[in-house]
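Heads up, the thing below is written out as structure tokens.
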Amino acid sequence: MSTILWIVFYPIIAFIIGLFMLGYARKFTARVQRRYGPPWHQLIFDIVKLMSKKTNISHGYMHDIAIMMLLGGTLLTLLFIPVPGFHYFAQYGDMLVIMYIILIPSLGMALGVGETANPNGSIGISRALMMLAGYDVAFALSFIGMAMLNHTTSMYQLMLIQQQHGISSWGIVVNPFLGIAALIALQGMMGEKPFEVFIAPHEIATGPMVEMGGKYLGIMMIQHCIGVFLEITIFINLFLGGAKNWIELIVKLFVVFTVLLSVNAVFGRFRTDDAVRFMWKIPVAFAIIGLLIVIL
Amino acid sequence: MEYKTENEIIKEIKKVFKQAKCSIKKERRIEVILNKRNIMEFALRMQKNWDFPHLSAISCVDWIDEKQFELVYHFWSYNKKVLVSAKIRIPREKEPHTDSIASLWQPAKFFERDIHEMFGVVFDGNNELEKYILTDWDGPPPMRKDFITREFALNFYSYREYNPEWLQEIIKQGDKND
Amino acid sequence: MEEKLTQRSVWEKILNKLRKRSLWMLHYCTGCGAIELPPTMTARFDMERFGITPMVTPRQADILLITGYLSAKTLKRVILTYEQMQAPKWVVGFGSCTINGGMYWNSYATIKKLDRYVPVEIYIAGCMPRPEAIINSFNVLIQRIDEGKANSWKDYYENYDYYKKNQEAVLGKFDTLVDIKDDAKKFNIV
Amino acid sequence: MYLKTILLLPAITFLISLLFYKTESVKKYLNLIVYGILFYYGIILYKQIGTNFGYNLNFSSLSVNFNVTYLGYFFTLMITGLTFLTVLFYLKFMKDENAPRDFYIWLAIKTFGMLGVVFASDLFTFFLMWEVMSWSTYFVMRKGENTQESSFKYLIYAVSSGMLLLVGLTITYNTFGTFDFAQIHNALSGASVSLLFLLAVIFIGSFAIESAVFPLHSWLPDSYSNTFSPITSYLTGISTRIGVFAIIIFLFNIIGMENINKLVIFKGISLMYILGLISAITIIIPTFTALEQYDAKKLVTWHGIGQGGYMILGLASGTALGIAGGIFHIVNHLTYVSLILFSVAAVEYRTGTTNLNKLGGLIKKMPIEFLGLLIGIIALAGIPPMNGFVSKWMIYKTLILTGHPILAIAAVIGTLGTILSVYKLIHNIFLGQLPPEYNNIKEAPFILQIPIIVLMIVVYVLGVYPGIALSLIAKIQSALNLPAVNYTLHGVSKEVGELNMNVINLVFLGGIIVAYLIYLLGNKRRHVSQYNNYAAGHFLTEKTKYNFNYKFYAALDHVISPWKKRIIERTEKAIISFTENFGEYFRRIYTGNLNTYTMYILTAFVISIIILKELL
């Protein structure tokens with residue numbers, strides 16, 4: 001019975017935390033630019049406005065299904081991530097499964113945006129996939145390193161191992177190189193400023209979201225809130241020892257997010273091939289050093 | 001004498017075009033008034049023999065009372081650093097024709113297209129004379145002097161009445177509280 | 001221009017309360033108005049406090065900001081962009097050029113009264129209004145949305161023929177592939 | 001006895017195609033029926049696993065004998081199934097007038113060859129059937145325009161692989177005096193490591209050529225994609241996998257598990273590790289060359305090589321889970337690659353081209369092909385609900401747990417390359433703007449859609465219920481006395497680290513339903529045409545080409561191009577030019593005038609006298 005309750009409320013909690021994280025993100029960047037910035041709960045207004053739009057356009061049934069695949073895939077990934085108090089699904093699929101399920105939302109969106117027949121969208125998707133090829137190498141490397149270190153690929157076991165004796169057993173403390181590689185890769189995965197080329201508003205009119213309006217953009221916003229929560233929890237579970245209770249998780253979420261945002265607020269935007277070169281040079285180098293430490 | 005290069009150029013032009021009236025307006029500026037027939041040859045010589053590779057502009061002047069258009073071709077020489085403005089007169093009818101020098105200079109296509117749109121002068125030999133600024137405009141060429149813009153604008157577009165009654169109430173409120 | 005106060009359900013009132021705090025702006029930067037926007041967005045005046053951020057495509061935008069004079073050629077593009085936007089949408093005319101032609105009042109090319117062609121919600125007077133005027137006008141817009149009076153976009157659907165006639169008087173026949181009358185029925189706006 | 005009927009049926013089709021050589025229409029339907037029966041027998045062969053049947057050739061002491069093993073049954077299912085679907089697709093795809101007359105003859109011989117290889121129980125029959133198969137593959141590949149040069153290239157590779165196999169055959173025969181697998185296996189345990197090593201290199205080398213492993217893969221893309229599309233799908237699906245079958249037989253049947261770890265070169269590096277490294281490179285290089293292909297068939301055939309690398313990587317890992325993953329990947333690959341190529345062929349049937357730069361926006365006209373291609377590419381990229389993911393997951397898990405980081409990283413990079421090129425494939429064909437010339441295209445005829453729908457169901461069912469195939473694979477592993485993988489109906493059981501595809505599938509469907517409810521929260525939506533699009537205020541019409549297909553991953557190209565040295569193409573060109581010069585030099589001997597010839601005869605006469613004097 002409690003699992004069903006968790007299954008229903010866990011996505012809602014994740015959505016609310018993600019909502020306030022994004023509100024915090026806009027306030028943080030505003031404060032860095034010495035202005036007040038929107039209120040914390042700004043996203044509630046945005047999502048309500050988008051969902052209540054009177055007219056909506058779509059370019060075909062694939063466009064509609066893509067939006068459902070986007071949100072459905074994110075909810076699927078969310079339920080597979082162990083969180084304090086709920087790890088029922090985590091035993092059915094390990095980290096490898098999560099690394100692949102995370103691709104379903106982006107594939108779904110790519111198909112939907114492809115159908116809108118707008119080259120801005122296609123260019124955005126091709127850049128997003130190239131960025132994926134860039135940051136996923138370092139992320140996979142760091143995950144493989146952690147898995148080989150602890151001889152398990154299940155995220156829940158990894159979390160438990162890291163919680164045995166406090167801070168000293170955290171992934172990032174045990175093997176800092178893998179941790180830093182994963183952090184840089186996370187910057188790319190979240191699409192934060194230096195690696196934000198695929199939704200560049202000036203060059204390709206927000207890339208994939210060019211033809212998304214009304215409720216389509218609303219659902220994308222909801223997915224973005226859950227996605228933010230989801231990606232950072234993966235990093236926390238792998239390298240910061242997961243969390244025993246929700247307060248610890250929220251604190252860690254905001255700390256890691258501040259690190260990402262501080263880079264995001266002050267950086268320009270890499271070109272795609274420079275971003276991929278950067279991603280294949282520095283984080284991969286860190287990860288390989290970490291791996292060597294693990295093997296030898 | 002101070003205008004050495006300018007006089008040499010004029011001597012050269014005079015050698016070929018006897019009846020052209022050349023005068024030096026000021027330092028490094030020469031004005032050549034030609035007959036409309038030999039503008040083509042003049043332009044060819046300017047580019048090929050007299051080292052004036054740069055056609056900076058073609059402009060058109062509407063002499064409405066003399067019922068003539070005046071086309072001014074501005075040639076510039078990088079080495080001699082002199083600007084020669086060749087002027088020709090064409091009659092001011094509905095669709096005056098003159099031959100185009102687009103074959104010599106690429107930019108001439110653009111200048112001639114502009115003059116065609118604004119003055120209605122047709123340049124034979126330049127096949128790209130469609131509209132590009134006033135694409136949705138089907139009125140007369142607007143830069144001609146006989147086209148009075150104000151009168152056209154007043155009756156083509158509708159204006160807001162300048163002093164509507166709802167504005168007066170707001171003004172009255174404004175007077176009351178200050 | 002009397003406001004038809006539609007009797008609004010409670011749900012509509014709540015929605016308006018939330019909707020008013022998030023307005024996404026698509027500015028059609030023509031004429032000299034565009035340069036007034038960066039100061040309103042950045043540190044000194046900070047428009048984002050009211051949830052107003054610039055957006056790039058008409059699909060995502062709620063406000064279409066016309067920031068200067070419109071020639072016949074650009075008016076055609078503005079109409080296409082306006083029809084690509086999702087209702088409820090509002091046009092904000094910026095500066096005197098959109099009100100009555102501004103200093104180009106006697107030009108043969110520019111249109112003089114914007115709201116003959118596209119329903120305009122707010123006009124901001126000034127031969128380029130300062131950021132304070134812009135923010136003040138946005139607050140007026142927010143307040144009108146809150147009271148449910150900002151219904152100029154319905155006007156476009158209701159008497160589309162009036163607008164179409166004016167547009168074709170200036171621009172001649174053109175097709176924006178958006179069937180406004182059918183939209184009005186399908187989304188039961190009329 | 002079903003084994004005889006299965007081997008007999010291709011002979012019948014051979015006769016039919018000879019009889020009705022001219023009348024294409026009759027030949028098509030008859031062949032379809034016979035291949036249907038063949039497929040039926042292939043399925044019910046399950047009851048007669050273990051039966052064998054020998055037939056000795058009277059002109060020599062050698063004998064040709066076959067037996068049915070679980071692995072044989074596994075491959076028969078795949079061969080007969082795919083052949084039936086290809087013949088069904090070919091039926092409608094080829095118009096009667098430009099259909100090559102002799103295609104069915106060579107197809108019959110090739111099926112006979114493949115079935116023979118799969119059932120062979122000793123090296124001699126194996127070699128015999130191997131030659132029949134590789135020759136008939138050359139002729140099957142010859143169908144279609146401009147296939148001459150590329151299929152000739154395949155022939156050179158196939159013949160050299162056959163010759164290598166012959167060398168291996170002779171060595172085993174005169175050291176062990178027998179051809180039978182079992183006897184060789186027992187004799188090998190006593191043999192010295194160097195002999196074992198020599199045999200391993202020869203045999204795996206020749207099989208590697210056939211299954212297009214990294215250095216020897218350059219023949220595959222051109223030869224497979226220049227022929228007609230159904231043949232491409234047939235060849236990519238099954239033809240190269242017989243090489244993998246041969247590697248399985250050689251590694252686990254002849255050498256056997258126990259003396260595989262004897263093959264250690266020095267300290268840590270064993271032969272299996274090298275095989276793993278080669279297959280890792282086979283995964284990376286082809287997937288990143290597939291990125292820039294602009295022809296759909298070439299792109300998918302390049303992936304054929306890449307996926308082959310996964311299979312061998314699974315086999316080389318040596319653990320129960322890894323081998324099961326490798327074998328499972330064979331059947332997965334067969335299903336989703338032929339699904340993709342059948343969809344591409346259906347598109348080609350209607351539009352006439354597979355050039356990715358010319359197509360676009362066909363989703364509105366051919367939705368079923370789009371669905372087929374979509375499910376195919378999800379499986380090819382290895383994304384959960386489909387079957388491709390399960391075998392890849394097994395391979396990754398073993399590589400990580402047995403401590404092969406480099407192989408695991410190579411596999412991950414390979415997957416990334418696959419995801420990128422796979423999206424380009426579906427985007428350039430089905431998404432984006434529909435070019436005006438394809439405005440009045442209809443759906444592909446129903447016969448072409450049957451194979452697509454059948455394969456779609458198979459890919460999805462195998463994805464959610466991998467247990468079906470894994471049960472057969474477990475029997476195969478125990479038959480080859482390897483540790484069998486402990487599987488459940490929906491994945492892998494708890495001891496090895498739980499994977500339950502059904503849970504993933506159900507939760508995904510649940511997520512989609514929740515998303516659909518939120519979608520319904522918003523107001524109605526209207527479908528708009530592709531010309532009602534944001535183009536910065538521009539009025540889009542049919543004349544404006546508003547599409548992004550050409551050079552889809554230009555930025556990644558800038559990053560990768562310095563590393564592309566085209567090593568293989570350059571070595572091939574070097575070999576070709578070397579043989580040409582050598583031939584040229586040798587040709588000068590025949591000068592053509594008479595007296596040089598008499599002079600040759602005289603010198604030959606004198607030399608022979610001298611030698612004879614020595615001997616006597």
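Note on naming: chains are A, B, ... as they come in the structure tokens, residues start from 1 per chain, ligands start from 1 in the order shown.
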
Contact residues (chain B, partner chain C, 7 Å, only C-alpha atoms) as a VMD selection string | chain B and resid 135 to 136 149 to 150 152 to 153 157 159 to 160

Write out, as a short mmCIF file (atom, residue, chain, number, x, y, z; two decimals), in the first residue's frame, the residues just selected, with N, CA and C atoms.
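Output saved as out.cif:
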data_model
loop_
_atom_site.label_atom_id
_atom_site.label_comp_id
_atom_site.auth_asym_id
_atom_site.auth_seq_id
_atom_site.Cartn_x
_atom_site.Cartn_y
_atom_site.Cartn_z
N THR B 135 7.78 46.14 -52.42
CA THR B 135 7.22 44.96 -53.11
C THR B 135 5.71 45.07 -53.26
N ASP B 136 4.97 45.58 -52.24
CA ASP B 136 3.51 45.54 -52.36
C ASP B 136 2.97 46.83 -52.96
N THR B 149 3.66 63.21 -51.92
CA THR B 149 3.46 62.14 -50.91
C THR B 149 2.37 62.52 -49.90
N ARG B 150 2.41 63.79 -49.45
CA ARG B 150 1.45 64.14 -48.38
C ARG B 150 0.02 63.90 -48.85
N PHE B 152 -1.06 61.97 -51.21
CA PHE B 152 -1.32 60.53 -51.39
C PHE B 152 -1.59 59.89 -50.02
N ALA B 153 -0.70 60.24 -49.04
CA ALA B 153 -0.82 59.58 -47.72
C ALA B 153 -2.16 59.94 -47.10
N TYR B 157 -4.29 56.45 -46.55
CA TYR B 157 -4.38 55.89 -45.18
C TYR B 157 -5.44 56.66 -44.40
N TYR B 159 -6.55 58.43 -40.79
CA TYR B 159 -5.85 58.94 -39.60
C TYR B 159 -6.80 58.91 -38.42
N ARG B 160 -6.24 59.05 -37.24
CA ARG B 160 -7.02 59.15 -36.01
C ARG B 160 -7.49 60.59 -35.88
#

Can you pull out every residue within 12 Å of Phe80 in chain A, counting only C-alpha atoms, but drop anything in the same chain fewer than 5 positions away, and send it as a VMD selection string?
-> (chain A and resid 7 10 to 11 73 to 75 86 to 102 154 to 156 230 233 to 234) or (chain D and resid 499 to 500 503 to 504 507 to 508)

Enumerate as a PyMOL selection string all residues of chain B assigned to helix (DSSP H, G or I) by DSSP on the backbone, naming them with the chain letters and numbers the document uses.
-> chain B and resi 4-16+36-48+106-119+149-156+165-177

For His63 in chain A, please output as a list in words all residues within 9 Å (counting only C-alpha atoms; exclusion window: fewer than 3 positions along the same chain).
->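 Once the nearby chain positions are removed, what remains is Ser58, His59, Gly60, Ala66, Ile67, Met109, Leu111, Gly112, Val113, Gly114, Glu115 and Thr116 of chain A.
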
List every residue of chain D that has an atom at most 7 Å from any atom of chain C, and for each one report the closest atom pair and its distance in Å to one decimal, counting only C-alpha atoms, with rows sorted by chain and then by increasing residue number, as JSON lines.
{"residue": "D:Lys524", "atom": "CA", "partner": "C:Phe187", "partner_atom": "CA", "distance": 6.8}
{"residue": "D:Asn532", "atom": "CA", "partner": "C:Leu177", "partner_atom": "CA", "distance": 6.0}
{"residue": "D:Tyr534", "atom": "CA", "partner": "C:Thr57", "partner_atom": "CA", "distance": 6.9}
{"residue": "D:Gly537", "atom": "CA", "partner": "C:Arg77", "partner_atom": "CA", "distance": 4.8}
{"residue": "D:His538", "atom": "CA", "partner": "C:Arg77", "partner_atom": "CA", "distance": 6.8}

Residues within 9 Å of range 263-270 of chain A, only C-alpha atoms, excluding chain neighbours under 3 positions, as an MDAnalysis selection string = chainID A and resid 28:30 32:33 187 192:197 200 258:260 273:275

Compile the contact shell of Ile512 in chain D as a PyMOL selection string: residues with an atom at most 8 Å away, counting only C-alpha atoms, same-chain residues fewer than 2 positions apart removed.
-> (chain A and resi 68-69+71-73) or (chain D and resi 508-510+514-516)

At most 8 Å is the cut-off: for each residue in chain A with any atom that close to an atom of chain C, write down the nearest atom pair and the distance in Å rounded to one decimal, counting only C-alpha atoms, chain first then increasing number, as JSON lines.
{"residue": "A:Gln33", "atom": "CA", "partner": "C:Ala43", "partner_atom": "CA", "distance": 6.5}
{"residue": "A:Arg34", "atom": "CA", "partner": "C:Ala43", "partner_atom": "CA", "distance": 5.6}
{"residue": "A:Arg35", "atom": "CA", "partner": "C:Ala43", "partner_atom": "CA", "distance": 4.6}
{"residue": "A:Tyr36", "atom": "CA", "partner": "C:Arg49", "partner_atom": "CA", "distance": 6.4}
{"residue": "A:Gly37", "atom": "CA", "partner": "C:Arg49", "partner_atom": "CA", "distance": 5.0}
{"residue": "A:Pro38", "atom": "CA", "partner": "C:Arg49", "partner_atom": "CA", "distance": 4.3}
{"residue": "A:Pro39", "atom": "CA", "partner": "C:Arg49", "partner_atom": "CA", "distance": 7.0}
{"residue": "A:Gln42", "atom": "CA", "partner": "C:Gly51", "partner_atom": "CA", "distance": 6.9}
{"residue": "A:Ile44", "atom": "CA", "partner": "C:Leu18", "partner_atom": "CA", "distance": 7.9}
{"residue": "A:Phe45", "atom": "CA", "partner": "C:Leu18", "partner_atom": "CA", "distance": 5.2}
{"residue": "A:Asp46", "atom": "CA", "partner": "C:Ser22", "partner_atom": "CA", "distance": 5.4}
{"residue": "A:Val48", "atom": "CA", "partner": "C:Arg19", "partner_atom": "CA", "distance": 6.6}
{"residue": "A:Lys49", "atom": "CA", "partner": "C:Arg19", "partner_atom": "CA", "distance": 4.8}
{"residue": "A:Ser52", "atom": "CA", "partner": "C:Leu15", "partner_atom": "CA", "distance": 7.8}
{"residue": "A:Lys53", "atom": "CA", "partner": "C:Ala87", "partner_atom": "CA", "distance": 6.3}
{"residue": "A:Lys54", "atom": "CA", "partner": "C:Ala87", "partner_atom": "CA", "distance": 5.5}
{"residue": "A:Thr55", "atom": "CA", "partner": "C:Gln86", "partner_atom": "CA", "distance": 5.5}
{"residue": "A:Asn56", "atom": "CA", "partner": "C:Gln86", "partner_atom": "CA", "distance": 6.4}
{"residue": "A:Pro201", "atom": "CA", "partner": "C:Val56", "partner_atom": "CA", "distance": 6.4}
{"residue": "A:His202", "atom": "CA", "partner": "C:Val56", "partner_atom": "CA", "distance": 7.7}
{"residue": "A:Ala205", "atom": "CA", "partner": "C:Val56", "partner_atom": "CA", "distance": 5.6}
{"residue": "A:Thr206", "atom": "CA", "partner": "C:Val56", "partner_atom": "CA", "distance": 7.1}
{"residue": "A:Val210", "atom": "CA", "partner": "C:Thr57", "partner_atom": "CA", "distance": 6.1}
{"residue": "A:Glu211", "atom": "CA", "partner": "C:Arg59", "partner_atom": "CA", "distance": 6.0}
{"residue": "A:Met212", "atom": "CA", "partner": "C:Arg59", "partner_atom": "CA", "distance": 6.4}
{"residue": "A:Gly213", "atom": "CA", "partner": "C:Arg59", "partner_atom": "CA", "distance": 4.7}
{"residue": "A:Gly214", "atom": "CA", "partner": "C:Gln86", "partner_atom": "CA", "distance": 6.8}
{"residue": "A:Leu217", "atom": "CA", "partner": "C:Gln60", "partner_atom": "CA", "distance": 7.6}

Shortest contact to Val118 in chain C, candidates C:Val91, C:Ala150, C:Ile145, C:Cys29, atoms counted only C-alpha atoms, goes to C:Val91

Write out as a PyMOL selection string each polymer residue whose atoms come within 9 Å of Gly125 in chain B, counting only C-alpha atoms; drop sequence neighbours fewer than 6 positions from it.
-> chain B and resi 99-103

Measure the distance from CA of Leu70 in chain A to CA of Gly108 in chain A in Å and round it to one decimal.
->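 For CA of Leu70 in chain A relative to CA of Gly108 in chain A, the distance reads 5.4 Å.
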